file upload.tsv (TSV, C-alpha atoms (C1' of nucleotides))
chain	number	residue	atom	x	y	z
A	1	MET	CA	35.75	-73.65	44.93
A	2	PRO	CA	37.04	-71.03	47.38
A	3	GLY	CA	38.81	-72.15	50.48
A	4	ILE	CA	36.17	-70.81	52.83
A	5	ALA	CA	33.55	-73.02	51.27
A	6	THR	CA	33.19	-75.06	54.42
A	7	MET	CA	31.88	-72.14	56.41
A	8	THR	CA	28.40	-72.92	55.18
A	9	GLN	CA	26.91	-76.15	53.92
A	10	ALA	CA	28.48	-75.72	50.51
A	11	GLU	CA	27.74	-79.39	49.98
A	12	SER	CA	24.05	-78.65	49.70
A	13	VAL	CA	24.48	-76.80	46.44
A	14	GLU	CA	22.59	-79.55	44.73
A	15	LYS	CA	19.72	-79.16	47.14
A	16	ILE	CA	19.68	-75.46	46.51
A	17	ILE	CA	19.61	-75.99	42.79
A	18	GLY	CA	16.72	-78.37	43.22
A	19	ARG	CA	14.91	-75.85	45.33
A	20	LEU	CA	15.33	-73.16	42.70
A	21	ARG	CA	14.18	-75.46	39.92
A	22	MET	CA	11.17	-76.45	41.99
A	23	CYS	CA	10.13	-72.83	42.02
A	24	GLY	CA	10.66	-72.42	38.32
A	25	ILE	CA	13.87	-70.47	38.75
A	26	LYS	CA	16.74	-71.16	36.42
A	27	PRO	CA	19.69	-71.92	38.71
A	28	THR	CA	22.38	-69.65	37.41
A	29	GLN	CA	25.66	-69.35	39.23
A	30	GLN	CA	24.75	-66.03	40.84
A	31	ARG	CA	21.33	-67.19	41.94
A	32	VAL	CA	22.82	-70.27	43.51
A	33	GLN	CA	25.36	-68.15	45.34
A	34	ILE	CA	22.69	-65.81	46.62
A	35	ALA	CA	20.46	-68.69	47.63
A	36	THR	CA	23.38	-70.32	49.38
A	37	VAL	CA	23.84	-67.24	51.51
A	38	LEU	CA	20.14	-66.92	52.24
A	39	PHE	CA	19.62	-70.56	53.14
A	40	SER	CA	22.84	-71.16	55.03
A	41	ARG	CA	20.71	-70.50	58.09
A	42	PRO	CA	17.44	-68.76	58.90
A	43	GLN	CA	18.15	-65.05	58.82
A	44	HIS	CA	16.99	-61.62	57.80
A	45	LEU	CA	19.23	-59.81	55.37
A	46	SER	CA	19.03	-56.55	53.48
A	47	ALA	CA	20.06	-56.44	49.84
A	48	ASP	CA	23.36	-54.94	50.89
A	49	GLN	CA	23.98	-57.58	53.49
A	50	VAL	CA	23.32	-60.29	50.94
A	51	LEU	CA	25.86	-58.64	48.68
A	52	GLU	CA	28.37	-58.48	51.51
A	53	GLN	CA	27.94	-62.13	52.36
A	54	VAL	CA	28.19	-63.25	48.77
A	55	THR	CA	31.34	-61.20	48.46
A	56	ALA	CA	32.63	-62.71	51.69
A	57	LEU	CA	32.28	-66.11	50.08
A	58	GLY	CA	34.77	-64.91	47.52
A	59	GLU	CA	32.23	-64.49	44.77
A	60	ARG	CA	31.44	-61.38	42.79
A	61	VAL	CA	27.83	-60.54	42.03
A	62	SER	CA	26.69	-57.12	40.91
A	63	LYS	CA	24.33	-55.05	42.95
A	64	ALA	CA	21.80	-55.06	40.13
A	65	THR	CA	21.76	-58.83	40.13
A	66	ILE	CA	21.33	-58.92	43.88
A	67	TYR	CA	18.24	-56.74	43.61
A	68	ASN	CA	16.85	-58.59	40.64
A	69	THR	CA	17.41	-61.95	42.26
A	70	LEU	CA	15.94	-61.04	45.64
A	71	SER	CA	12.93	-59.64	43.88
A	72	LEU	CA	12.60	-62.82	41.82
A	73	PHE	CA	12.95	-65.04	44.87
A	74	SER	CA	10.25	-63.08	46.69
A	75	ARG	CA	7.95	-63.23	43.76
A	76	LYS	CA	8.41	-66.98	43.65
A	77	HIS	CA	7.84	-67.22	47.41
A	78	LEU	CA	11.26	-68.67	48.03
A	79	ILE	CA	11.92	-65.94	50.57
A	80	ARG	CA	9.78	-63.28	52.17
A	81	GLU	CA	10.14	-59.53	52.13
A	82	VAL	CA	9.83	-57.98	55.57
A	83	ILE	CA	9.32	-54.25	55.55
A	84	VAL	CA	10.04	-52.60	58.86
A	85	ASP	CA	11.24	-49.21	57.82
A	86	PRO	CA	10.93	-47.19	54.64
A	87	SER	CA	14.56	-47.79	53.88
A	88	LYS	CA	15.02	-51.13	55.56
A	89	VAL	CA	13.72	-54.08	53.60
A	90	PHE	CA	14.81	-57.44	54.89
A	91	TYR	CA	14.60	-60.73	53.10
A	92	ASP	CA	13.63	-63.53	55.38
A	93	SER	CA	14.92	-66.93	54.39
A	94	THR	CA	12.35	-68.66	56.56
A	95	THR	CA	9.05	-69.03	54.79
A	96	LEU	CA	7.33	-70.81	57.66
A	97	PRO	CA	4.62	-68.62	59.15
A	98	HIS	CA	6.03	-66.45	61.88
A	99	HIS	CA	6.20	-62.84	62.85
A	100	HIS	CA	8.82	-60.34	63.91
A	101	PHE	CA	10.29	-58.19	66.58
A	102	TYR	CA	11.86	-55.04	65.29
A	103	ASN	CA	14.21	-53.23	67.58
A	104	ILE	CA	13.78	-49.57	66.75
A	105	ASP	CA	17.00	-48.60	68.45
A	106	THR	CA	19.33	-51.09	66.87
A	107	GLY	CA	17.50	-52.01	63.68
A	108	ALA	CA	17.69	-55.67	64.64
A	109	LEU	CA	14.96	-57.93	63.34
A	110	THR	CA	14.26	-61.17	65.16
A	111	ASP	CA	11.76	-63.95	64.85
A	112	LEU	CA	8.72	-64.24	66.98
A	113	GLU	CA	6.63	-67.34	66.86
A	114	ALA	CA	4.60	-67.21	70.01
A	115	ILE	CA	2.11	-64.62	68.91
A	116	ASP	CA	-1.41	-65.55	67.97
A	117	VAL	CA	-3.22	-63.72	65.26
A	118	ASP	CA	-6.82	-64.70	65.12
A	119	LEU	CA	-7.35	-64.81	61.41
A	120	ALA	CA	-10.77	-66.33	61.92
A	121	SER	CA	-11.91	-62.93	63.06
A	122	LEU	CA	-11.02	-61.29	59.76
A	123	PRO	CA	-13.90	-59.37	58.31
A	124	VAL	CA	-15.30	-60.71	55.08
A	125	LEU	CA	-13.00	-59.83	52.23
A	126	PRO	CA	-14.40	-58.09	49.18
A	127	PRO	CA	-15.44	-60.69	46.60
A	128	GLY	CA	-12.57	-62.03	44.54
A	129	MET	CA	-9.96	-60.94	47.05
A	130	ILE	CA	-7.68	-63.30	48.89
A	131	VAL	CA	-5.22	-62.90	51.71
A	132	ASP	CA	-1.71	-62.94	50.38
A	133	GLY	CA	-0.04	-62.80	53.76
A	134	VAL	CA	-0.22	-61.36	57.23
A	135	ASP	CA	2.66	-59.40	58.64
A	136	VAL	CA	2.90	-58.77	62.32
A	137	ILE	CA	5.69	-56.54	63.49
A	138	VAL	CA	6.16	-55.85	67.15
A	139	ARG	CA	8.25	-52.73	67.48
A	140	VAL	CA	10.29	-52.65	70.65
A	141	ARG	CA	12.71	-50.15	72.10
A	142	ARG	CA	14.67	-49.40	75.22
A	143	ALA	CA	12.35	-48.37	78.03
A	144	SER	CA	14.51	-45.43	78.95
A	145	GLU	CA	14.55	-44.06	75.46
A	146	HIS	CA	13.02	-40.65	74.97
A	147	ALA	CA	9.83	-40.96	73.00
A	148	GLY	CA	9.80	-37.46	71.59
A	149	ASP	CA	12.58	-35.12	70.58
B	1	MET	CA	-8.79	-17.25	55.53
B	2	PRO	CA	-9.34	-18.73	52.06
B	3	GLY	CA	-12.83	-19.00	50.69
B	4	ILE	CA	-12.79	-22.78	50.56
B	5	ALA	CA	-12.38	-22.93	54.28
B	6	THR	CA	-15.76	-24.53	54.76
B	7	MET	CA	-14.86	-27.67	52.86
B	8	THR	CA	-13.45	-29.19	56.03
B	9	GLN	CA	-14.21	-28.33	59.62
B	10	ALA	CA	-12.11	-25.21	59.36
B	11	GLU	CA	-13.98	-24.01	62.40
B	12	SER	CA	-12.08	-26.55	64.47
B	13	VAL	CA	-8.81	-24.76	63.86
B	14	GLU	CA	-8.77	-23.82	67.49
B	15	LYS	CA	-9.21	-27.41	68.49
B	16	ILE	CA	-6.38	-28.39	66.21
B	17	ILE	CA	-4.15	-25.75	67.72
B	18	GLY	CA	-5.05	-27.03	71.14
B	19	ARG	CA	-4.22	-30.53	70.07
B	20	LEU	CA	-0.83	-29.49	68.78
B	21	ARG	CA	-0.06	-27.52	71.91
B	22	MET	CA	-1.09	-30.47	74.04
B	23	CYS	CA	1.59	-32.50	72.31
B	24	GLY	CA	4.20	-29.84	72.78
B	25	ILE	CA	4.11	-28.74	69.17
B	26	LYS	CA	4.27	-25.07	68.36
B	27	PRO	CA	1.22	-24.44	66.17
B	28	THR	CA	2.67	-22.66	63.17
B	29	GLN	CA	0.54	-21.88	60.17
B	30	GLN	CA	1.90	-24.78	58.13
B	31	ARG	CA	1.54	-27.28	60.93
B	32	VAL	CA	-2.05	-26.26	61.49
B	33	GLN	CA	-2.76	-26.63	57.79
B	34	ILE	CA	-1.20	-30.05	57.66
B	35	ALA	CA	-3.01	-31.12	60.81
B	36	THR	CA	-6.25	-29.80	59.37
B	37	VAL	CA	-5.84	-32.06	56.37
B	38	LEU	CA	-4.89	-35.07	58.46
B	39	PHE	CA	-7.69	-34.69	60.96
B	40	SER	CA	-10.46	-33.65	58.60
B	41	ARG	CA	-11.37	-37.33	58.69
B	42	PRO	CA	-9.67	-40.62	59.54
B	43	GLN	CA	-7.44	-41.44	56.60
B	44	HIS	CA	-4.11	-42.75	55.41
B	45	LEU	CA	-2.04	-40.33	53.40
B	46	SER	CA	1.42	-40.37	51.94
B	47	ALA	CA	3.61	-37.30	52.25
B	48	ASP	CA	2.79	-36.43	48.68
B	49	GLN	CA	-0.92	-36.80	49.24
B	50	VAL	CA	-0.74	-34.54	52.26
B	51	LEU	CA	1.00	-31.97	50.11
B	52	GLU	CA	-1.67	-32.30	47.44
B	53	GLN	CA	-4.46	-31.83	49.92
B	54	VAL	CA	-2.85	-28.86	51.56
B	55	THR	CA	-2.35	-27.36	48.12
B	56	ALA	CA	-5.97	-28.14	47.28
B	57	LEU	CA	-6.97	-26.04	50.27
B	58	GLY	CA	-5.29	-23.15	48.56
B	59	GLU	CA	-2.27	-23.12	50.84
B	60	ARG	CA	1.37	-23.43	49.91
B	61	VAL	CA	3.64	-25.57	52.04
B	62	SER	CA	7.01	-26.80	50.88
B	63	LYS	CA	7.77	-30.45	50.49
B	64	ALA	CA	10.52	-30.20	53.07
B	65	THR	CA	8.08	-28.85	55.61
B	66	ILE	CA	5.62	-31.62	54.84
B	67	TYR	CA	8.27	-34.21	55.57
B	68	ASN	CA	9.54	-32.46	58.66
B	69	THR	CA	6.07	-31.96	60.02
B	70	LEU	CA	4.85	-35.49	59.39
B	71	SER	CA	7.97	-36.76	61.05
B	72	LEU	CA	7.41	-34.44	63.99
B	73	PHE	CA	3.77	-35.45	64.33
B	74	SER	CA	4.71	-39.14	64.33
B	75	ARG	CA	7.39	-38.59	66.89
B	76	LYS	CA	4.85	-36.86	69.09
B	77	HIS	CA	2.34	-39.66	68.53
B	78	LEU	CA	-0.18	-37.35	66.97
B	79	ILE	CA	-0.33	-39.62	63.93
B	80	ARG	CA	1.06	-43.04	63.13
B	81	GLU	CA	3.41	-44.13	60.38
B	82	VAL	CA	2.22	-47.20	58.53
B	83	ILE	CA	4.83	-48.87	56.39
B	84	VAL	CA	3.41	-51.21	53.81
B	85	ASP	CA	5.90	-50.99	51.01
B	86	PRO	CA	9.49	-49.82	50.81
B	87	SER	CA	8.40	-46.70	49.01
B	88	LYS	CA	4.92	-46.31	50.44
B	89	VAL	CA	4.76	-44.77	53.86
B	90	PHE	CA	1.33	-43.72	54.97
B	91	TYR	CA	0.46	-41.47	57.85
B	92	ASP	CA	-2.60	-42.60	59.71
B	93	SER	CA	-4.59	-39.89	61.39
B	94	THR	CA	-6.31	-42.39	63.65
B	95	THR	CA	-4.24	-43.21	66.66
B	96	LEU	CA	-6.74	-45.62	68.17
B	97	PRO	CA	-5.38	-49.16	68.10
B	98	HIS	CA	-6.30	-50.86	64.86
B	99	HIS	CA	-4.65	-52.71	62.03
B	100	HIS	CA	-4.64	-52.60	58.26
B	101	PHE	CA	-5.57	-54.22	55.02
B	102	TYR	CA	-3.15	-53.46	52.24
B	103	ASN	CA	-4.34	-54.10	48.73
B	104	ILE	CA	-1.24	-55.15	46.82
B	105	ASP	CA	-2.86	-54.53	43.47
B	106	THR	CA	-4.19	-51.06	44.04
B	107	GLY	CA	-2.02	-49.80	46.86
B	108	ALA	CA	-5.11	-49.01	48.90
B	109	LEU	CA	-4.77	-49.10	52.65
B	110	THR	CA	-7.89	-49.61	54.74
B	111	ASP	CA	-8.61	-50.04	58.40
B	112	LEU	CA	-9.20	-53.33	60.02
B	113	GLU	CA	-10.45	-53.53	63.54
B	114	ALA	CA	-11.78	-57.03	63.83
B	115	ILE	CA	-8.49	-58.83	64.16
B	116	ASP	CA	-7.27	-60.15	67.46
B	117	VAL	CA	-3.63	-60.16	68.29
B	118	ASP	CA	-2.96	-62.04	71.44
B	119	LEU	CA	-0.31	-59.88	72.97
B	120	ALA	CA	-0.50	-61.89	76.15
B	121	SER	CA	1.34	-64.62	74.32
B	122	LEU	CA	4.32	-62.41	73.61
B	123	PRO	CA	7.54	-63.97	74.75
B	124	VAL	CA	9.31	-62.23	77.56
B	125	LEU	CA	11.06	-59.16	76.25
B	126	PRO	CA	14.72	-58.65	76.99
B	127	PRO	CA	15.10	-56.65	80.20
B	128	GLY	CA	14.67	-52.92	79.75
B	129	MET	CA	12.80	-53.29	76.49
B	130	ILE	CA	9.24	-52.21	75.97
B	131	VAL	CA	6.76	-52.66	73.18
B	132	ASP	CA	6.44	-49.46	71.21
B	133	GLY	CA	3.68	-50.69	68.97
B	134	VAL	CA	2.33	-53.66	67.09
B	135	ASP	CA	1.67	-53.42	63.40
B	136	VAL	CA	-0.52	-55.97	61.71
B	137	ILE	CA	-0.80	-55.72	57.96
B	138	VAL	CA	-3.01	-58.13	56.08
B	139	ARG	CA	-1.91	-58.11	52.48
B	140	VAL	CA	-4.71	-58.92	50.08
B	141	ARG	CA	-4.89	-59.20	46.32
B	142	ARG	CA	-7.20	-60.28	43.53
B	143	ALA	CA	-7.63	-64.02	43.54
B	144	SER	CA	-7.05	-64.28	39.82
B	145	GLU	CA	-3.80	-62.37	39.96
B	146	HIS	CA	-0.73	-64.24	38.83
B	147	ALA	CA	1.49	-64.91	41.78
B	148	GLY	CA	4.77	-65.16	39.93
B	149	ASP	CA	6.06	-63.51	36.77
C	1	DC	C1'	13.56	-9.39	69.92
C	2	DT	C1'	15.40	-14.14	69.86
C	3	DG	C1'	14.78	-18.58	68.55
C	4	DC	C1'	12.43	-21.83	66.02
C	5	DT	C1'	10.46	-22.69	61.29
C	6	DT	C1'	10.10	-22.45	56.53
C	7	DG	C1'	11.48	-22.84	51.74
C	8	DC	C1'	14.52	-23.68	48.14
C	9	DA	C1'	17.56	-26.48	45.96
C	10	DA	C1'	21.16	-29.61	46.24
C	11	DA	C1'	22.69	-33.80	48.12
C	12	DG	C1'	21.84	-38.51	49.70
C	13	DG	C1'	20.57	-43.45	49.75
C	14	DC	C1'	18.42	-47.16	47.82
C	15	DT	C1'	16.44	-49.31	43.81
C	16	DT	C1'	15.44	-49.77	38.90
C	17	DT	C1'	16.61	-49.56	34.08
C	18	DG	C1'	19.02	-49.99	29.29
C	19	DC	C1'	22.09	-52.03	26.75
C	20	DA	C1'	26.09	-54.82	25.40
C	21	DG	C1'	28.51	-58.96	26.49
C	22	DA	C1'	28.39	-63.56	28.76
C	23	DA	C1'	26.31	-67.80	30.28
C	24	DC	C1'	22.97	-71.39	30.10
C	25	DA	C1'	19.94	-75.11	27.79
D	1	DT	C1'	22.61	-71.24	18.61
D	2	DG	C1'	18.93	-68.67	20.67
D	3	DT	C1'	17.37	-66.96	24.79
D	4	DT	C1'	17.98	-65.45	29.18
D	5	DC	C1'	20.96	-63.40	32.63
D	6	DT	C1'	24.61	-60.40	34.21
D	7	DG	C1'	27.14	-56.18	34.97
D	8	DC	C1'	27.98	-51.48	34.56
D	9	DA	C1'	26.61	-47.04	34.97
D	10	DA	C1'	23.11	-43.77	34.62
D	11	DA	C1'	18.68	-42.46	35.86
D	12	DG	C1'	14.82	-42.33	39.21
D	13	DC	C1'	12.27	-41.74	43.37
D	14	DC	C1'	11.62	-40.40	47.85
D	15	DT	C1'	13.61	-38.21	51.69
D	16	DT	C1'	16.95	-35.39	54.17
D	17	DT	C1'	19.95	-31.43	54.70
D	18	DG	C1'	22.13	-26.50	54.76
D	19	DC	C1'	21.44	-21.98	54.84
D	20	DA	C1'	19.12	-17.49	54.50
D	21	DA	C1'	14.73	-15.23	55.27
D	22	DG	C1'	10.26	-15.19	57.91
D	23	DC	C1'	7.09	-16.07	61.76
D	24	DA	C1'	5.74	-17.03	66.73
D	25	DG	C1'	5.71	-15.74	71.47

call {"tool": "encode", "arguments": {"input": "upload.tsv", "output": "C-alpha cells"}}
result
Amino acid sequence: MPGIATMTQAESVEKIIGRLRMCGIKPTQQRVQIATVLFSRPQHLSADQVLEQVTALGERVSKATIYNTLSLFSRKHLIREVIVDPSKVFYDSTTLPHHHFYNIDTGALTDLEAIDVDLASLPVLPPGMIVDGVDVIVRVRRASEHAGD
Amino acid sequence: MPGIATMTQAESVEKIIGRLRMCGIKPTQQRVQIATVLFSRPQHLSADQVLEQVTALGERVSKATIYNTLSLFSRKHLIREVIVDPSKVFYDSTTLPHHHFYNIDTGALTDLEAIDVDLASLPVLPPGMIVDGVDVIVRVRRASEHAGD
DNA sequence: CTGCTTGCAAAGGCTTTGCAGAACA
DNA sequence: TGTTCTGCAAAGCCTTTGCAAGCAG
C-alpha cells in the first residue's frame, strides 16, 4: 500500500469491492483503484483526470483500461456520463438525481440541485419507450464576455 | 441557379441573406447555401448531414467550411448546438426555447416543448455570471433494451 | 482593390480496437 | 486451468488548422 493511501478513505476498499460486485462488476485491482478515485468524494472527472488521480495514488493503469472501465461503470449505472461539450465528457460519481452548471469560460462543472423539472408534463412517449434519464445543463458565463467574435 | 432550386424555398434566398446580415455575417455563397439547408425547415443536423444536404442541392462546399460556418452561426446565435453524445453534435435551426428527446437506440433527436423547467428556482449565480442557456435532454430508449452488457 | 473566405490536406485530440500476456475465480 | 482483463500501440473518427487561391464589397 502506497504511503499516500490515507489521502482518501483507502479503508473503504472493501465497501468499494462490495459496490462493484453488487453491480455485477468483477472487482479487479484496476477497477477498484478507479472506483476509489471516483468515490473518494462526489466529483466530475474526465477520463484523463481519472487517469491522473489514479496515477497520483501511485498506481499505474493504462489509458485503455480507464476508458473501458468508465464505460463499464456507466453502463452499470455506477456513475453517470455528463456530456457538456463535444470533447468534454465528465463522469459524475454521484448517481443521485441532480443537474449541472457548466461554466463555459472555465470548463468547470458543478452540481445544481435546486432546479425543478416538471417531468409530469412530459408528452406521451411512443409506445414501448421509457425515459432513461433527464439531463439538465445550465450553461453560464461571465456577463462581460463577448457573445460573438 | 441549379435546376433543383425549387425543392426548398429557394425563393427566400433574399430573406436568408437578410437574416445573415442582421447577425453581422457576410452572406457568402457557401454560407447562404448552408443557411438554406438549415432553415428549409426546423431540424437537427450534424455537420456531416449538413454537408450531405448541401451536396444534395447540387452545391459543393468543403467540410472545413461546413465546420467553420456552423461554428460561426452558433456563435452568432443563428442556430443552436445540441450536444447529446460525445461524438454527436447537432445543430438546431430552431432558436425558440425548447428542449429535446434523444433516442439512445436510434440516435434520433426530436423536439420537446411541453417540459417545464423552473428557472426561478435557480440558486443565486456567482456575481458577474449570467445564464447563457439551459439544455434539457430527455434520454429515452426501448423498454425491452438491456441496460447493461 | 483589399480583406475576408474557401478548399485542400495534414495535423490534432480523444476514444476504440486487436492481440499477446497477466490476473482472477 | 479457463476465462476475463489489462496494456500497448495502432487505427479511427470528428474537428481544427495553415496556406494559397478566390470571392465580396

call {"tool": "closest_atom_pairs", "arguments": {"input": "upload.tsv", "of": "chain A", "to": "chain B", "cutoff": "10 Å", "atoms": "all atoms listed in the file", "output": "CSV"}}
result
residue,atom,partner,partner_atom,distance
A:Cys23,CA,B:Gly148,CA,9.6
A:Gly24,CA,B:Gly148,CA,9.5
A:Leu72,CA,B:Asp149,CA,8.3
A:Phe73,CA,B:Gly148,CA,9.6
A:Ser74,CA,B:Gly148,CA,8.9
A:Arg75,CA,B:Gly148,CA,5.3
A:Lys76,CA,B:Gly148,CA,5.5
A:His77,CA,B:Gly148,CA,8.3
A:Glu81,CA,B:Asp85,CA,9.6
A:Val82,CA,B:Asp85,CA,9.2
A:Ile83,CA,B:Pro86,CA,6.5
A:Val84,CA,B:Ile83,CA,6.9
A:Asp85,CA,B:Ile83,CA,6.6
A:Pro86,CA,B:Pro86,CA,4.9
A:Ser87,CA,B:Pro86,CA,6.3
A:Lys88,CA,B:Pro86,CA,7.4
A:Val89,CA,B:Pro86,CA,6.6
A:His99,CA,B:Val136,CA,9.7
A:His100,CA,B:Val134,CA,9.8
A:Phe101,CA,B:Val134,CA,9.2
A:Tyr102,CA,B:Val131,CA,9.7
A:Asn103,CA,B:Met129,CA,9.0
A:Ile104,CA,B:Asp132,CA,8.6
A:Leu112,CA,B:Pro123,CA,7.9
A:Glu113,CA,B:Pro123,CA,8.6
A:Ala114,CA,B:Ser121,CA,6.0
A:Ile115,CA,B:Ser121,CA,5.5
A:Asp116,CA,B:Asp118,CA,5.2
A:Val117,CA,B:Val117,CA,4.7
A:Asp118,CA,B:Asp116,CA,5.1
A:Leu119,CA,B:Ile115,CA,6.7
A:Ala120,CA,B:Ile115,CA,8.2
A:Ser121,CA,B:Ile115,CA,5.5
A:Leu122,CA,B:Ile115,CA,5.6
A:Pro123,CA,B:Ala114,CA,6.4
A:Leu125,CA,B:Val140,CA,8.6
A:Pro126,CA,B:Arg142,CA,9.4
A:Pro127,CA,B:Arg142,CA,8.8
A:Gly128,CA,B:Ala143,CA,5.4
A:Met129,CA,B:Arg142,CA,4.5
A:Ile130,CA,B:Ala143,CA,5.4
A:Val131,CA,B:Val140,CA,4.3
A:Asp132,CA,B:Val140,CA,5.0
A:Gly133,CA,B:Arg139,CA,5.2
A:Val134,CA,B:Val138,CA,4.4
A:Asp135,CA,B:Ile137,CA,5.1
A:Val136,CA,B:Val136,CA,4.5
A:Ile137,CA,B:Asp135,CA,5.1
A:Val138,CA,B:Val134,CA,4.4
A:Arg139,CA,B:Gly133,CA,5.2
A:Val140,CA,B:Val131,CA,4.3
A:Arg141,CA,B:Met129,CA,5.4
A:Arg142,CA,B:Met129,CA,4.5
A:Ala143,CA,B:Met129,CA,5.2
A:Ser144,CA,B:Gly128,CA,7.5
A:Glu145,CA,B:Met129,CA,9.5
A:Ala147,CA,B:Arg75,CA,7.0
A:Gly148,CA,B:Arg75,CA,5.4
A:Asp149,CA,B:Arg75,CA,7.3

call {"tool": "interface_residues", "arguments": {"input": "upload.tsv", "of": "chain B", "to": "chain D", "cutoff": "12 Å", "atoms": "only C-alpha atoms (C1' of nucleotides)", "output": "list in words"}}
result
Lys26, Pro27, Thr28, Gln29, Gln30, Ser46, Ala47, Asp48, Lys63, Ala64, Thr65, Ile66, Tyr67, Asn68, Leu70, Ser71, Pro86, Ser87, Lys88 and Val89 of chain B

call {"tool": "atom_distance", "arguments": {"input": "upload.tsv", "atom1": "CA of Gln33 in chain B", "atom2": "C1' of DG7 in chain C"}}
result
15.9 Å

call {"tool": "closest_residue", "arguments": {"input": "upload.tsv", "among": "B:Leu96, B:Val54, B:Leu78, B:Val61", "to": "chain C", "atoms": "all atoms listed in the file"}}
result
B:Val61

call {"tool": "interface_residues", "arguments": {"input": "upload.tsv", "of": "chain C", "to": "chain B", "cutoff": "9 Å", "atoms": "all atoms listed in the file", "output": "tab-separated table (two decimals) with C-alpha atoms (C1' of nucleotides), in the frame of the given file"}}
result
chain	number	residue	atom	x	y	z
C	5	DT	C1'	10.46	-22.69	61.29
C	6	DT	C1'	10.10	-22.45	56.53
C	7	DG	C1'	11.48	-22.84	51.74
C	8	DC	C1'	14.52	-23.68	48.14

call {"tool": "atom_distance", "arguments": {"input": "upload.tsv", "atom1": "CA of His98 in chain B", "atom2": "CA of Asp111 in chain B"}}
result
6.9 Å

call {"tool": "atom_distance", "arguments": {"input": "upload.tsv", "atom1": "CA of Leu109 in chain B", "atom2": "CA of Arg41 in chain B"}}
result
14.8 Å

call {"tool": "axis_aligned_box", "arguments": {"input": "upload.tsv", "around": "range 5-14 of chain D", "padding_each_side": "6 Å", "output": "AutoDock Vina command-line options"}}
result
--center_x 19.8 --center_y -51.9 --center_z 40.2 --size_x 28.4 --size_y 35.0 --size_z 27.2

call {"tool": "residues_around", "arguments": {"input": "upload.tsv", "residues": "Tyr91 in chain A", "least_positions_apart": "6", "cutoff": "6 Å", "atoms": "all atoms listed in the file", "output": "PyMOL selection string"}}
result
chain A and resi 44-45+80-81

call {"tool": "residues_around", "arguments": {"input": "upload.tsv", "residues": "Val37 in chain A", "least_positions_apart": "3", "cutoff": "9 Å", "atoms": "only C-alpha atoms (C1' of nucleotides)", "output": "JSON, numbers by chain"}}
result
{"A": [8, 32, 33, 34, 40, 41, 50, 53, 54, 57]}

call {"tool": "write_last_selection", "arguments": {"input": "upload.tsv", "atoms": "C-alpha atoms", "output": "short mmCIF file (atom, residue, chain, number, x, y, z; two decimals), in the frame of the given file"}}
result
data_model
loop_
_atom_site.label_atom_id
_atom_site.label_comp_id
_atom_site.auth_asym_id
_atom_site.auth_seq_id
_atom_site.Cartn_x
_atom_site.Cartn_y
_atom_site.Cartn_z
CA THR A 8 28.40 -72.92 55.18
CA VAL A 32 22.82 -70.27 43.51
CA GLN A 33 25.36 -68.15 45.34
CA ILE A 34 22.69 -65.81 46.62
CA SER A 40 22.84 -71.16 55.03
CA ARG A 41 20.71 -70.50 58.09
CA VAL A 50 23.32 -60.29 50.94
CA GLN A 53 27.94 -62.13 52.36
CA VAL A 54 28.19 -63.25 48.77
CA LEU A 57 32.28 -66.11 50.08
#
